[in-house]
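Coordinates from final-v7.tsv are shown below (TSV, C-alpha atoms and all ligand atoms).
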chain	number	residue	atom	x	y	z
A	1	MET	CA	0.00	0.00	0.00
A	2	PRO	CA	1.33	3.44	-0.81
A	3	GLY	CA	1.88	5.78	2.11
A	4	ARG	CA	1.38	9.51	1.92
A	5	THR	CA	0.83	10.69	-1.63
A	6	ALA	CA	1.25	13.97	-3.44
A	7	ILE	CA	0.22	15.14	-6.89
A	8	GLY	CA	2.05	17.75	-8.94
A	9	LEU	CA	0.02	19.44	-11.67
A	10	ASP	CA	1.55	21.29	-14.61
A	11	ILE	CA	-0.75	23.37	-16.77
A	12	GLY	CA	1.29	23.93	-19.92
A	13	THR	CA	0.58	25.50	-23.28
A	14	SER	CA	0.41	22.15	-25.03
A	15	GLY	CA	-1.21	20.07	-22.31
A	16	VAL	CA	-2.04	19.38	-18.68
A	17	ARG	CA	0.16	16.86	-16.90
A	18	ALA	CA	0.08	15.29	-13.47
A	19	ALA	CA	2.37	13.00	-11.49
A	20	GLU	CA	1.34	11.22	-8.32
A	21	LEU	CA	4.10	10.21	-5.92
A	22	SER	CA	3.85	8.15	-2.79
A	23	TYR	CA	6.22	8.54	0.04
A	24	GLY	CA	6.98	5.45	2.09
A	25	ARG	CA	9.68	3.69	4.02
A	26	ASP	CA	11.39	2.55	0.81
A	27	GLY	CA	11.57	6.05	-0.60
A	28	ILE	CA	9.54	7.82	-3.20
A	29	THR	CA	7.48	5.96	-5.79
A	30	LEU	CA	6.05	7.35	-9.01
A	31	GLU	CA	2.55	5.89	-8.83
A	32	LYS	CA	0.92	7.61	-11.78
A	33	PHE	CA	1.75	9.94	-14.61
A	34	GLY	CA	-0.66	11.20	-17.20
A	35	GLN	CA	-1.23	13.99	-19.67
A	36	VAL	CA	-3.99	15.35	-21.84
A	37	ALA	CA	-3.30	17.66	-24.79
A	38	LEU	CA	-4.75	21.17	-24.96
A	39	PRO	CA	-5.68	23.00	-28.15
A	40	GLU	CA	-3.77	26.16	-29.00
A	41	GLY	CA	-5.05	29.21	-27.13
A	42	ALA	CA	-6.49	27.41	-24.09
A	43	VAL	CA	-3.41	28.40	-22.07
A	44	ARG	CA	-1.36	31.36	-23.14
A	45	ASP	CA	2.01	32.24	-21.65
A	46	GLY	CA	1.33	30.15	-18.56
A	47	GLU	CA	-2.12	31.59	-17.97
A	48	VAL	CA	-5.45	29.76	-18.35
A	49	ILE	CA	-7.48	31.63	-20.98
A	50	GLU	CA	-10.22	29.15	-21.91
A	51	ARG	CA	-11.27	27.84	-18.54
A	52	GLY	CA	-13.90	25.39	-19.83
A	53	ILE	CA	-11.42	23.64	-22.12
A	54	VAL	CA	-8.82	23.33	-19.36
A	55	VAL	CA	-11.43	22.04	-16.89
A	56	ASP	CA	-12.51	19.34	-19.34
A	57	ALA	CA	-8.88	18.38	-19.96
A	58	LEU	CA	-8.25	18.09	-16.21
A	59	LYS	CA	-11.33	15.92	-15.74
A	60	ALA	CA	-10.21	13.70	-18.61
A	61	LEU	CA	-6.72	13.53	-17.09
A	62	TRP	CA	-8.01	12.29	-13.75
A	63	LYS	CA	-10.38	9.83	-15.36
A	64	GLY	CA	-7.84	8.46	-17.80
A	65	SER	CA	-4.76	8.22	-15.57
A	66	GLY	CA	-6.18	6.63	-12.44
A	67	LEU	CA	-4.97	9.50	-10.27
A	68	LYS	CA	-6.36	8.94	-6.81
A	69	GLY	CA	-5.85	12.15	-4.87
A	70	LYS	CA	-7.71	15.41	-5.38
A	71	HIS	CA	-5.16	17.69	-3.71
A	72	VAL	CA	-2.57	19.15	-6.04
A	73	ALA	CA	0.56	21.29	-6.02
A	74	LEU	CA	0.27	23.67	-8.94
A	75	GLY	CA	3.14	25.19	-10.91
A	76	VAL	CA	3.32	28.79	-12.14
A	77	ALA	CA	5.72	30.29	-14.63
A	78	ASN	CA	5.46	33.28	-16.87
A	79	GLN	CA	7.01	36.62	-17.59
A	80	ARG	CA	4.83	38.34	-15.03
A	81	VAL	CA	6.33	36.36	-12.17
A	82	VAL	CA	9.11	38.35	-10.53
A	83	VAL	CA	12.07	36.43	-9.13
A	84	ARG	CA	14.79	38.47	-7.43
A	85	GLN	CA	17.63	37.78	-5.10
A	86	ILE	CA	17.24	39.92	-1.99
A	87	ASP	CA	18.59	40.12	1.58
A	88	LEU	CA	16.25	40.41	4.54
A	89	PRO	CA	17.11	40.89	8.21
A	90	TRP	CA	17.32	37.52	9.93
A	91	MET	CA	14.01	36.26	11.33
A	92	SER	CA	12.39	32.95	12.19
A	93	PRO	CA	10.41	31.09	9.51
A	94	ALA	CA	7.16	32.01	11.27
A	95	GLU	CA	8.09	35.69	11.42
A	96	LEU	CA	9.14	35.57	7.79
A	97	LYS	CA	5.81	34.12	6.76
A	98	ASN	CA	3.87	36.76	8.64
A	99	SER	CA	5.90	39.79	7.69
A	100	LEU	CA	7.03	39.01	4.14
A	101	ALA	CA	4.46	41.32	2.55
A	102	LEU	CA	5.64	44.21	4.71
A	103	GLN	CA	9.30	43.61	3.91
A	104	VAL	CA	9.30	43.38	0.16
A	105	GLN	CA	7.19	46.12	-1.43
A	106	ASP	CA	10.26	48.11	-2.47
A	107	TYR	CA	11.51	45.21	-4.58
A	108	LEU	CA	8.32	44.81	-6.59
A	109	PRO	CA	6.99	46.62	-9.63
A	110	MET	CA	3.39	45.94	-8.56
A	111	PRO	CA	1.42	46.44	-5.33
A	112	VAL	CA	2.26	43.72	-2.84
A	113	ALA	CA	-1.46	43.26	-2.13
A	114	ASP	CA	-1.93	42.07	-5.73
A	115	CYS	CA	0.76	39.37	-5.46
A	116	VAL	CA	1.14	35.85	-4.21
A	117	LEU	CA	4.52	35.89	-2.44
A	118	ASP	CA	7.15	33.34	-1.59
A	119	PHE	CA	10.68	33.65	-0.24
A	120	HIS	CA	13.15	30.86	-0.81
A	121	VAL	CA	16.04	31.20	1.65
A	122	THR	CA	19.36	30.24	0.04
A	123	GLU	CA	21.85	31.22	2.74
A	124	GLU	CA	22.33	32.96	6.05
A	125	VAL	CA	24.93	35.68	5.86
A	126	ARG	CA	26.81	37.00	8.88
A	127	ASP	CA	28.90	40.11	8.44
A	128	GLY	CA	29.53	43.48	10.07
A	129	ALA	CA	25.94	44.48	9.39
A	130	GLY	CA	24.64	41.52	11.40
A	131	ARG	CA	22.76	38.42	10.39
A	132	THR	CA	20.76	38.40	7.17
A	133	LEU	CA	18.72	35.95	5.17
A	134	ARG	CA	19.68	35.85	1.53
A	135	GLY	CA	17.18	34.30	-0.83
A	136	LEU	CA	14.97	34.47	-3.86
A	137	LEU	CA	11.81	36.49	-3.63
A	138	VAL	CA	9.04	35.17	-5.88
A	139	ALA	CA	6.02	37.35	-6.57
A	140	ALA	CA	3.27	36.24	-8.92
A	141	PRO	CA	0.30	38.44	-9.89
A	142	ARG	CA	-2.64	37.18	-7.83
A	143	GLU	CA	-5.19	37.32	-10.66
A	144	MET	CA	-2.97	35.23	-12.91
A	145	VAL	CA	-2.46	32.58	-10.24
A	146	MET	CA	-6.16	32.68	-9.35
A	147	ALA	CA	-7.27	32.12	-12.97
A	148	ASN	CA	-5.28	28.89	-12.94
A	149	VAL	CA	-6.41	27.91	-9.44
A	150	ALA	CA	-10.05	28.54	-10.42
A	151	ALA	CA	-9.75	26.16	-13.38
A	152	VAL	CA	-8.33	23.46	-11.13
A	153	GLN	CA	-11.07	23.95	-8.56
A	154	ALA	CA	-13.77	23.87	-11.22
A	155	ALA	CA	-12.45	20.42	-12.16
A	156	GLY	CA	-13.23	19.23	-8.62
A	157	LEU	CA	-9.63	19.42	-7.37
A	158	ARG	CA	-8.04	21.37	-4.56
A	159	VAL	CA	-4.85	23.41	-4.85
A	160	THR	CA	-2.86	22.99	-1.65
A	161	SER	CA	0.25	24.83	-2.82
A	162	VAL	CA	1.48	26.95	-5.68
A	163	ASP	CA	5.12	26.76	-6.65
A	164	LEU	CA	7.41	28.34	-9.20
A	165	THR	CA	7.94	25.85	-12.03
A	166	SER	CA	11.70	26.48	-11.92
A	167	PHE	CA	11.85	25.20	-8.34
A	168	ALA	CA	9.98	22.07	-9.41
A	169	VAL	CA	12.57	21.44	-12.13
A	170	LEU	CA	15.32	21.99	-9.58
A	171	ARG	CA	13.88	19.27	-7.34
A	172	SER	CA	13.30	16.69	-10.04
A	173	VAL	CA	16.23	17.26	-12.41
A	174	GLY	CA	18.87	19.00	-10.27
A	175	ARG	CA	21.65	16.77	-9.00
A	176	PRO	CA	22.76	18.36	-5.72
A	177	HIS	CA	25.29	15.61	-4.96
A	178	SER	CA	26.85	15.22	-8.38
A	179	GLU	CA	30.42	15.73	-9.56
A	180	VAL	CA	29.71	19.33	-10.56
A	181	ALA	CA	29.44	22.19	-8.10
A	182	THR	CA	27.12	24.37	-10.16
A	183	GLU	CA	24.80	23.37	-12.97
A	184	ALA	CA	22.09	24.99	-15.06
A	185	LEU	CA	18.73	23.34	-15.61
A	186	LEU	CA	16.72	24.34	-18.62
A	187	ASP	CA	13.13	23.20	-19.10
A	188	ILE	CA	12.09	24.08	-22.65
A	189	GLY	CA	8.33	24.21	-23.12
A	190	ALA	CA	6.13	25.30	-25.97
A	191	ARG	CA	6.08	29.01	-25.12
A	192	VAL	CA	7.73	29.18	-21.71
A	193	SER	CA	11.21	28.00	-20.77
A	194	ASN	CA	12.59	27.94	-17.25
A	195	LEU	CA	16.28	28.41	-16.54
A	196	VAL	CA	17.55	27.78	-13.04
A	197	ILE	CA	21.17	27.70	-11.91
A	198	HIS	CA	21.98	26.00	-8.64
A	199	SER	CA	24.87	24.89	-6.48
A	200	ALA	CA	24.22	21.79	-4.38
A	201	GLY	CA	20.49	22.29	-4.66
A	202	GLN	CA	20.48	25.98	-3.71
A	203	PRO	CA	19.10	28.14	-6.51
A	204	ARG	CA	21.37	31.06	-7.41
A	205	PHE	CA	19.59	32.36	-10.48
A	206	VAL	CA	16.15	31.89	-12.02
A	207	ARG	CA	14.90	33.22	-15.33
A	208	VAL	CA	11.62	32.57	-17.09
A	209	LEU	CA	11.95	33.03	-20.86
A	210	MET	CA	8.89	33.40	-23.05
A	211	MET	CA	10.25	31.17	-25.80
A	212	GLY	CA	10.01	27.52	-26.67
A	213	GLY	CA	9.25	24.84	-29.23
A	214	GLN	CA	6.06	26.48	-30.46
A	215	ASP	CA	8.09	29.44	-31.69
A	216	VAL	CA	10.08	27.03	-33.85
A	217	THR	CA	6.83	25.53	-35.19
A	218	ASP	CA	5.47	29.01	-35.93
A	219	ALA	CA	8.63	29.88	-37.85
A	220	VAL	CA	8.27	26.76	-40.00
A	221	ALA	CA	4.55	27.45	-40.59
A	222	GLU	CA	5.26	30.98	-41.68
A	223	ARG	CA	8.23	30.15	-43.88
A	224	ILE	CA	6.55	27.47	-45.96
A	225	GLY	CA	2.95	28.59	-45.55
A	226	VAL	CA	1.40	25.57	-43.84
A	227	PRO	CA	-0.93	25.35	-40.81
A	228	ALA	CA	0.54	24.85	-37.34
A	229	PHE	CA	-0.24	21.12	-37.10
A	230	ALA	CA	1.56	20.46	-40.40
A	231	ALA	CA	4.52	22.62	-39.35
A	232	GLU	CA	4.72	20.68	-36.06
A	233	ALA	CA	5.04	17.38	-37.94
A	234	ILE	CA	7.66	18.85	-40.30
A	235	LYS	CA	9.63	20.15	-37.34
A	236	ARG	CA	9.66	16.63	-35.93
A	237	GLY	CA	11.19	15.33	-39.16
A	238	GLN	CA	8.10	14.16	-41.06
A	239	VAL	CA	8.87	15.75	-44.41
A	240	ASP	CA	7.11	13.31	-46.78
A	241	GLY	CA	5.36	15.14	-49.58
A	242	LEU	CA	7.49	18.27	-49.30
A	243	SER	CA	9.69	19.46	-52.15
A	244	ASP	CA	13.45	19.73	-51.60
A	245	ASP	CA	13.07	23.49	-51.55
A	246	GLU	CA	10.42	23.31	-48.86
A	247	VAL	CA	12.56	20.97	-46.77
A	248	GLN	CA	15.45	23.44	-47.07
A	249	LEU	CA	13.22	26.36	-46.13
A	250	ALA	CA	11.85	24.47	-43.12
A	251	ARG	CA	15.38	23.60	-41.97
A	252	SER	CA	16.56	27.16	-42.23
A	253	ALA	CA	13.49	28.38	-40.30
A	254	VAL	CA	14.27	25.88	-37.52
A	255	ASP	CA	17.94	26.88	-37.56
A	256	LEU	CA	17.17	30.55	-37.28
A	257	MET	CA	14.80	30.11	-34.33
A	258	LEU	CA	17.28	27.80	-32.64
A	259	GLU	CA	19.96	30.42	-33.02
A	260	VAL	CA	17.76	33.06	-31.38
A	261	PHE	CA	16.83	30.70	-28.57
A	262	VAL	CA	20.35	29.49	-27.89
A	263	ASP	CA	21.65	33.07	-27.95
A	264	GLU	CA	19.08	34.03	-25.35
A	265	ILE	CA	20.28	31.21	-23.10
A	266	ARG	CA	23.90	32.18	-23.63
A	267	GLY	CA	22.99	35.77	-22.71
A	268	SER	CA	21.40	34.60	-19.47
A	269	LEU	CA	24.39	32.40	-18.62
A	270	ASP	CA	26.77	35.31	-19.33
A	271	TYR	CA	24.71	37.61	-17.15
A	272	TYR	CA	24.77	35.06	-14.34
A	273	GLY	CA	28.50	34.40	-14.84
A	274	THR	CA	29.41	38.07	-14.49
A	275	ALA	CA	27.50	38.37	-11.23
A	276	ASN	CA	28.70	35.01	-9.83
A	277	PRO	CA	32.31	34.48	-10.96
A	278	ALA	CA	33.02	32.09	-8.09
A	279	PHE	CA	30.30	29.65	-9.14
A	280	PRO	CA	30.66	28.96	-12.87
A	281	VAL	CA	28.06	26.81	-14.59
A	282	GLU	CA	29.74	23.52	-15.43
A	283	ARG	CA	26.99	21.79	-17.39
A	284	ILE	CA	23.40	22.11	-18.55
A	285	LEU	CA	20.64	19.56	-17.99
A	286	VAL	CA	17.65	19.96	-20.29
A	287	SER	CA	14.03	18.86	-19.96
A	288	GLY	CA	10.62	19.79	-21.40
A	289	GLY	CA	9.11	18.82	-24.73
A	290	GLY	CA	11.09	21.53	-26.50
A	291	SER	CA	14.34	19.77	-25.53
A	292	ILE	CA	13.41	16.81	-27.77
A	293	LEU	CA	13.98	18.87	-30.94
A	294	GLU	CA	16.79	17.30	-32.91
A	295	GLY	CA	20.03	19.20	-32.68
A	296	ILE	CA	19.01	21.54	-29.89
A	297	SER	CA	21.37	20.07	-27.27
A	298	GLU	CA	24.32	20.08	-29.66
A	299	ARG	CA	23.66	23.71	-30.58
A	300	LEU	CA	23.31	24.72	-26.99
A	301	SER	CA	26.51	22.92	-26.12
A	302	ALA	CA	28.48	24.48	-28.99
A	303	VAL	CA	27.34	28.02	-28.20
A	304	THR	CA	27.61	27.86	-24.40
A	305	ARG	CA	30.76	25.68	-24.52
A	306	ARG	CA	29.38	23.38	-21.86
A	307	PRO	CA	28.18	19.77	-21.85
A	308	VAL	CA	24.42	19.50	-22.35
A	309	LEU	CA	22.72	16.36	-21.08
A	310	ALA	CA	19.13	15.18	-20.83
A	311	GLY	CA	17.72	15.67	-17.33
A	312	ASP	CA	16.35	12.58	-15.66
A	313	PRO	CA	13.42	13.32	-13.35
A	314	VAL	CA	12.34	9.70	-12.99
A	315	SER	CA	15.47	7.91	-11.79
A	316	GLY	CA	15.15	9.27	-8.25
A	317	CYS	CA	11.84	7.44	-7.85
A	318	ARG	CA	10.86	3.80	-7.71
A	319	LEU	CA	8.30	2.93	-10.29
A	320	GLY	CA	4.83	1.96	-9.19
A	321	ARG	CA	2.01	0.78	-11.39
A	322	THR	CA	2.17	3.77	-13.69
A	323	GLY	CA	0.66	1.83	-16.57
A	324	LEU	CA	3.64	2.99	-18.67
A	325	ASP	CA	6.16	0.57	-20.12
A	326	GLU	CA	9.90	1.26	-20.32
A	327	HIS	CA	9.66	2.87	-23.75
A	328	GLN	CA	6.72	5.10	-22.81
A	329	LEU	CA	8.55	6.19	-19.69
A	330	THR	CA	11.57	7.25	-21.71
A	331	THR	CA	9.29	9.20	-24.03
A	332	VAL	CA	7.45	11.02	-21.27
A	333	GLN	CA	10.57	11.63	-19.19
A	334	PRO	CA	11.22	15.18	-20.48
A	335	LEU	CA	7.57	16.07	-19.82
A	336	ALA	CA	7.53	14.62	-16.33
A	337	ALA	CA	10.14	16.97	-14.88
A	338	VAL	CA	7.68	19.67	-13.84
A	339	PRO	CA	4.82	17.58	-12.37
A	340	ILE	CA	7.24	15.26	-10.53
A	341	GLY	CA	9.14	18.24	-9.15
A	342	LEU	CA	5.92	19.88	-7.98
A	343	ALA	CA	4.89	16.70	-6.18
A	344	LEU	CA	8.36	16.40	-4.64
A	345	GLY	CA	7.83	19.85	-3.13
A	346	VAL	CA	4.93	18.43	-1.14
A	347	VAL	CA	6.53	15.23	0.08
A	348	SER	CA	9.94	16.67	0.89
B	401	LIG	N1	9.54	14.84	-30.84
B	401	LIG	C1	9.60	16.17	-30.74
B	401	LIG	N2	10.44	16.86	-31.53
B	401	LIG	C2	10.51	18.21	-31.47
B	401	LIG	N3	9.77	18.95	-30.62
B	401	LIG	C3	8.92	18.30	-29.81
B	401	LIG	C4	8.80	16.89	-29.83
B	401	LIG	N4	7.86	16.56	-28.89
B	401	LIG	C5	7.44	17.70	-28.34
B	401	LIG	N5	8.06	18.76	-28.88
B	401	LIG	C6	7.84	20.17	-28.60
B	401	LIG	O1	7.74	20.37	-27.23
B	401	LIG	C7	6.97	21.56	-27.01
B	401	LIG	C8	6.05	21.34	-25.84
B	401	LIG	O2	6.84	21.13	-24.71
B	401	LIG	P1	6.13	21.00	-23.30
B	401	LIG	O3	5.10	19.95	-23.40
B	401	LIG	O4	7.20	20.83	-22.29
B	401	LIG	O5	5.47	22.43	-23.18
B	401	LIG	P2	4.26	22.89	-22.28
B	401	LIG	O6	4.61	22.62	-20.85
B	401	LIG	O7	2.97	22.35	-22.76
B	401	LIG	O8	4.23	24.44	-22.58
B	401	LIG	P3	4.75	25.70	-21.75
B	401	LIG	O9	5.63	25.19	-20.65
B	401	LIG	O10	5.49	26.50	-22.74
B	401	LIG	O11	3.52	26.36	-21.27
B	401	LIG	C9	6.18	21.83	-28.27
B	401	LIG	O12	6.61	23.02	-28.87
B	401	LIG	C10	6.52	20.63	-29.16
B	401	LIG	O13	6.67	20.99	-30.49
B	402	MG	MG	5.91	23.57	-19.52

Represent the structure of the file as structure tokens.
Amino acid sequence: MPGRTAIGLDIGTSGVRAAELSYGRDGITLEKFGQVALPEGAVRDGEVIERGIVVDALKALWKGSGLKGKHVALGVANQRVVVRQIDLPWMSPAELKNSLALQVQDYLPMPVADCVLDFHVTEEVRDGAGRTLRGLLVAAPREMVMANVAAVQAAGLRVTSVDLTSFAVLRSVGRPHSEVATEALLDIGARVSNLVIHSAGQPRFVRVLMMGGQDVTDAVAERIGVPAFAAEAIKRGQVDGLSDDEVQLARSAVDLMLEVFVDEIRGSLDYYGTANPAFPVERILVSGGGSILEGISERLSAVTRRPVLAGDPVSGCRLGRTGLDEHQLTTVQPLAAVPIGLALGVVS
């Protein structure tokens, strides 16, 4: 019998995904994983737009995947979420919880009353000025979070926590005890990509980029004048029926978008590197559906001059009766990073 369980729920542009973990004496078990695709426009830039469609997808997900629990940890990620490193005077966790809103207004571009706040302590600093808490302040616009929470509730589920998607990726893909001191994790979605740099599990830098695999698909669609679903298939290498010219055009559209994307990542790594010279990024672990695109890891590696490897969110868990065979598990692995990481935030 599974012990305590937790479900992580990822509402992405291309689909809703959930992972159910159980936490027992033998460690953590992945009990269930499932996903249901969403049509374009139902979720835009991390925000639920068509609530009815998302609600139906969530109901179908629960029905189809055998997920037992109704309580979920929900991920948020978009450009409107502010993540900043700040120092606060030392205080106990309880004091921090109660007074966070009073402490952080000066760091935010929006009224604190309109935000859902979180503070992720990364270190305690003692110097001449006394004892301070250094950490990452996360502030998400309340109405954006609430639109997503409302969709989940309307599907008969209960949101027990809301977490930054980057932190979920850190938990599931980050290797705090590996041979490298500092690594970057990059979850590449359809429209949203999360970059988090950590040392031994402590996040040093988080950036949410509004770019992903769908931008590559759009570029192909525009270049050769085909609808999005056809461009998606072409991007994935299904080029039957295309002329040589069209294949060339599609390739160059993919190449161009990849160049823009990889440059953006290099820019973020450079920015981080300048501010943190003592903790250089030694490698990059990628996840998310966008990371499956052929050639993306090689490009990223060539431009950033660092090894790029596929993140592995599943190997830390025992496998329960997920209903997925070995091959299916390998296929879903990149997509499981976020929901597994969200669930890990509950059980840890
Ligand atoms: N085999 C594949 N080859 C190339 N790209 C792929 C492949 N499979 C999935 N993708 C791409 O992965 C992207 C979707 O990734 P993912 O499912 O992680 O995003 P999402 O979580 O739904 O969206 P977001 O996080 O941006 O809101 C799509 O752009 C899709 O084209
Ligand atoms: Mg995603």

**Protein and nucleic acid residues within 8 Å of ligand LIG 401 (chain B) (only C-alpha atoms and all ligand atoms) as an MDAnalysis selection string** = chainID A and resid 10:16 43:46 77 187:193 210:217 232 235:237 287:294 334:335

**Request:** May I have the residues within 6 Å of region 67-71 of chain A as a list in words, using only C-alpha atoms and disregarding those fewer than 6 positions away in the same chain?
**Result:**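 Close residues of region 67-71 of chain A: Leu157, Arg158 and Val159 of chain A.
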
**Asked** Hey, what's within 10 Å of Val116 (chain A) if we count all atoms listed in the file and toss same-chain stuff fewer than 4 positions away? As a ChimeraX atom specification, please?
**Response** /A:81,101,112,138-146,162

**Fill in**
Residue with the minimum atom-to-atom distance to ligand MG 402 (chain B), picked from A:Gln105, A:Asn276, A:Asn78, A:Ser268 with only C-alpha atoms and all ligand atoms counted, is A:Asn78

Within 12 Å of region 127-132 of chain A using all atoms listed in the file, minus same-chain residues under 5 positions, as a short mmCIF file (atom, residue, chain, number, x, y, z; two decimals) with C-alpha atoms, keeping the file's coordinate frame:
data_model
loop_
_atom_site.label_atom_id
_atom_site.label_comp_id
_atom_site.auth_asym_id
_atom_site.auth_seq_id
_atom_site.Cartn_x
_atom_site.Cartn_y
_atom_site.Cartn_z
CA ILE A 86 17.24 39.92 -1.99
CA ASP A 87 18.59 40.12 1.58
CA LEU A 88 16.25 40.41 4.54
CA PRO A 89 17.11 40.89 8.21
CA TRP A 90 17.32 37.52 9.93
CA MET A 91 14.01 36.26 11.33
CA SER A 92 12.39 32.95 12.19
CA LEU A 96 9.14 35.57 7.79
CA VAL A 121 16.04 31.20 1.65
CA THR A 122 19.36 30.24 0.04
#

**Non-local contacts of region 171-179 of chain A (10 Å; only C-alpha atoms; under 3 positions in same chain excluded) as an MDAnalysis selection string** = chainID A and resid 166:168 182:187 196:203 282 284:287 310:317 334 336:345 348

Go ahead and save the picked residues with C-alpha atoms, as a short mmCIF file (atom, residue, chain, number, x, y, z; two decimals), in the coordinates of the input.
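Result written to out_20.cif:
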data_model
loop_
_atom_site.label_atom_id
_atom_site.label_comp_id
_atom_site.auth_asym_id
_atom_site.auth_seq_id
_atom_site.Cartn_x
_atom_site.Cartn_y
_atom_site.Cartn_z
CA SER A 166 11.70 26.48 -11.92
CA PHE A 167 11.85 25.20 -8.34
CA ALA A 168 9.98 22.07 -9.41
CA THR A 182 27.12 24.37 -10.16
CA GLU A 183 24.80 23.37 -12.97
CA ALA A 184 22.09 24.99 -15.06
CA LEU A 185 18.73 23.34 -15.61
CA LEU A 186 16.72 24.34 -18.62
CA ASP A 187 13.13 23.20 -19.10
CA VAL A 196 17.55 27.78 -13.04
CA ILE A 197 21.17 27.70 -11.91
CA HIS A 198 21.98 26.00 -8.64
CA SER A 199 24.87 24.89 -6.48
CA ALA A 200 24.22 21.79 -4.38
CA GLY A 201 20.49 22.29 -4.66
CA GLN A 202 20.48 25.98 -3.71
CA PRO A 203 19.10 28.14 -6.51
CA GLU A 282 29.74 23.52 -15.43
CA ILE A 284 23.40 22.11 -18.55
CA LEU A 285 20.64 19.56 -17.99
CA VAL A 286 17.65 19.96 -20.29
CA SER A 287 14.03 18.86 -19.96
CA ALA A 310 19.13 15.18 -20.83
CA GLY A 311 17.72 15.67 -17.33
CA ASP A 312 16.35 12.58 -15.66
CA PRO A 313 13.42 13.32 -13.35
CA VAL A 314 12.34 9.70 -12.99
CA SER A 315 15.47 7.91 -11.79
CA GLY A 316 15.15 9.27 -8.25
CA CYS A 317 11.84 7.44 -7.85
CA PRO A 334 11.22 15.18 -20.48
CA ALA A 336 7.53 14.62 -16.33
CA ALA A 337 10.14 16.97 -14.88
CA VAL A 338 7.68 19.67 -13.84
CA PRO A 339 4.82 17.58 -12.37
CA ILE A 340 7.24 15.26 -10.53
CA GLY A 341 9.14 18.24 -9.15
CA LEU A 342 5.92 19.88 -7.98
CA ALA A 343 4.89 16.70 -6.18
CA LEU A 344 8.36 16.40 -4.64
CA GLY A 345 7.83 19.85 -3.13
CA SER A 348 9.94 16.67 0.89
#

Take every atom of region 294-311 of chain A listed in the file, pad by 6 Å on each side, and give me the axis-aligned box centre and edge lengths in Å, one decimal, as lines of an AutoDock Vina configuration file.
center_x = 23.8
center_y = 21.6
center_z = -25.1
size_x = 26.0
size_y = 24.8
size_z = 27.6

**Prompt:** What does the distance from CA of Asp163 (chain A) to atom MG of ligand MG 402 (chain B) come to in Å, to one decimal?
**Reply:**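 For CA of Asp163 (chain A) relative to atom MG of ligand MG 402 (chain B), the distance reads 13.3 Å.
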
**Request:** List the residues sitting within 8 Å of (-4.3, 14.0, -21.9) in the file's frame, using all atoms listed in the file, as a list in words.
**Result:**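 Looking at atoms near the point gives Gly15, Val16, Arg17, Gly34, Gln35, Val36, Ala37, Leu38, Ala57, Ala60, Leu61 and Gly64 of chain A.
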
Some atoms are absent from region 273-284 of chain A, so rebuild N, CA and C atoms and return them as a PDB file, in the frame of the given file.
ATOM      1  N   GLY A 273      27.061  34.612 -15.041  1.00  0.00           N
ATOM      2  CA  GLY A 273      28.500  34.400 -14.840  1.00  0.00           C
ATOM      3  C   GLY A 273      29.204  35.663 -14.358  1.00  0.00           C
ATOM      4  N   THR A 274      28.793  36.821 -14.896  1.00  0.00           N
ATOM      5  CA  THR A 274      29.410  38.070 -14.490  1.00  0.00           C
ATOM      6  C   THR A 274      29.111  38.378 -13.029  1.00  0.00           C
ATOM      7  N   ALA A 275      27.893  38.064 -12.608  1.00  0.00           N
ATOM      8  CA  ALA A 275      27.500  38.370 -11.230  1.00  0.00           C
ATOM      9  C   ALA A 275      27.995  37.314 -10.231  1.00  0.00           C
ATOM     10  N   ASN A 276      28.333  36.119 -10.732  1.00  0.00           N
ATOM     11  CA  ASN A 276      28.700  35.010  -9.830  1.00  0.00           C
ATOM     12  C   ASN A 276      29.983  34.322 -10.292  1.00  0.00           C
ATOM     13  N   PRO A 277      31.099  35.078 -10.387  1.00  0.00           N
ATOM     14  CA  PRO A 277      32.310  34.480 -10.960  1.00  0.00           C
ATOM     15  C   PRO A 277      32.837  33.280 -10.172  1.00  0.00           C
ATOM     16  N   ALA A 278      32.486  33.194  -8.899  1.00  0.00           N
ATOM     17  CA  ALA A 278      33.020  32.090  -8.090  1.00  0.00           C
ATOM     18  C   ALA A 278      32.256  30.788  -8.292  1.00  0.00           C
ATOM     19  N   PHE A 279      31.116  30.855  -8.983  1.00  0.00           N
ATOM     20  CA  PHE A 279      30.300  29.650  -9.140  1.00  0.00           C
ATOM     21  C   PHE A 279      29.944  29.422 -10.603  1.00  0.00           C
ATOM     22  N   PRO A 280      30.934  29.111 -11.432  1.00  0.00           N
ATOM     23  CA  PRO A 280      30.660  28.960 -12.870  1.00  0.00           C
ATOM     24  C   PRO A 280      29.779  27.749 -13.166  1.00  0.00           C
ATOM     25  N   VAL A 281      28.922  27.914 -14.164  1.00  0.00           N
ATOM     26  CA  VAL A 281      28.060  26.810 -14.590  1.00  0.00           C
ATOM     27  C   VAL A 281      28.916  25.788 -15.326  1.00  0.00           C
ATOM     28  N   GLU A 282      28.871  24.544 -14.844  1.00  0.00           N
ATOM     29  CA  GLU A 282      29.740  23.520 -15.430  1.00  0.00           C
ATOM     30  C   GLU A 282      29.036  22.656 -16.465  1.00  0.00           C
ATOM     31  N   ARG A 283      27.715  22.575 -16.376  1.00  0.00           N
ATOM     32  CA  ARG A 283      26.990  21.790 -17.390  1.00  0.00           C
ATOM     33  C   ARG A 283      25.524  22.223 -17.388  1.00  0.00           C
ATOM     34  N   ILE A 284      24.815  21.760 -18.408  1.00  0.00           N
ATOM     35  CA  ILE A 284      23.400  22.110 -18.550  1.00  0.00           C
ATOM     36  C   ILE A 284      22.597  20.824 -18.679  1.00  0.00           C
TER      37      ILE A 284
END
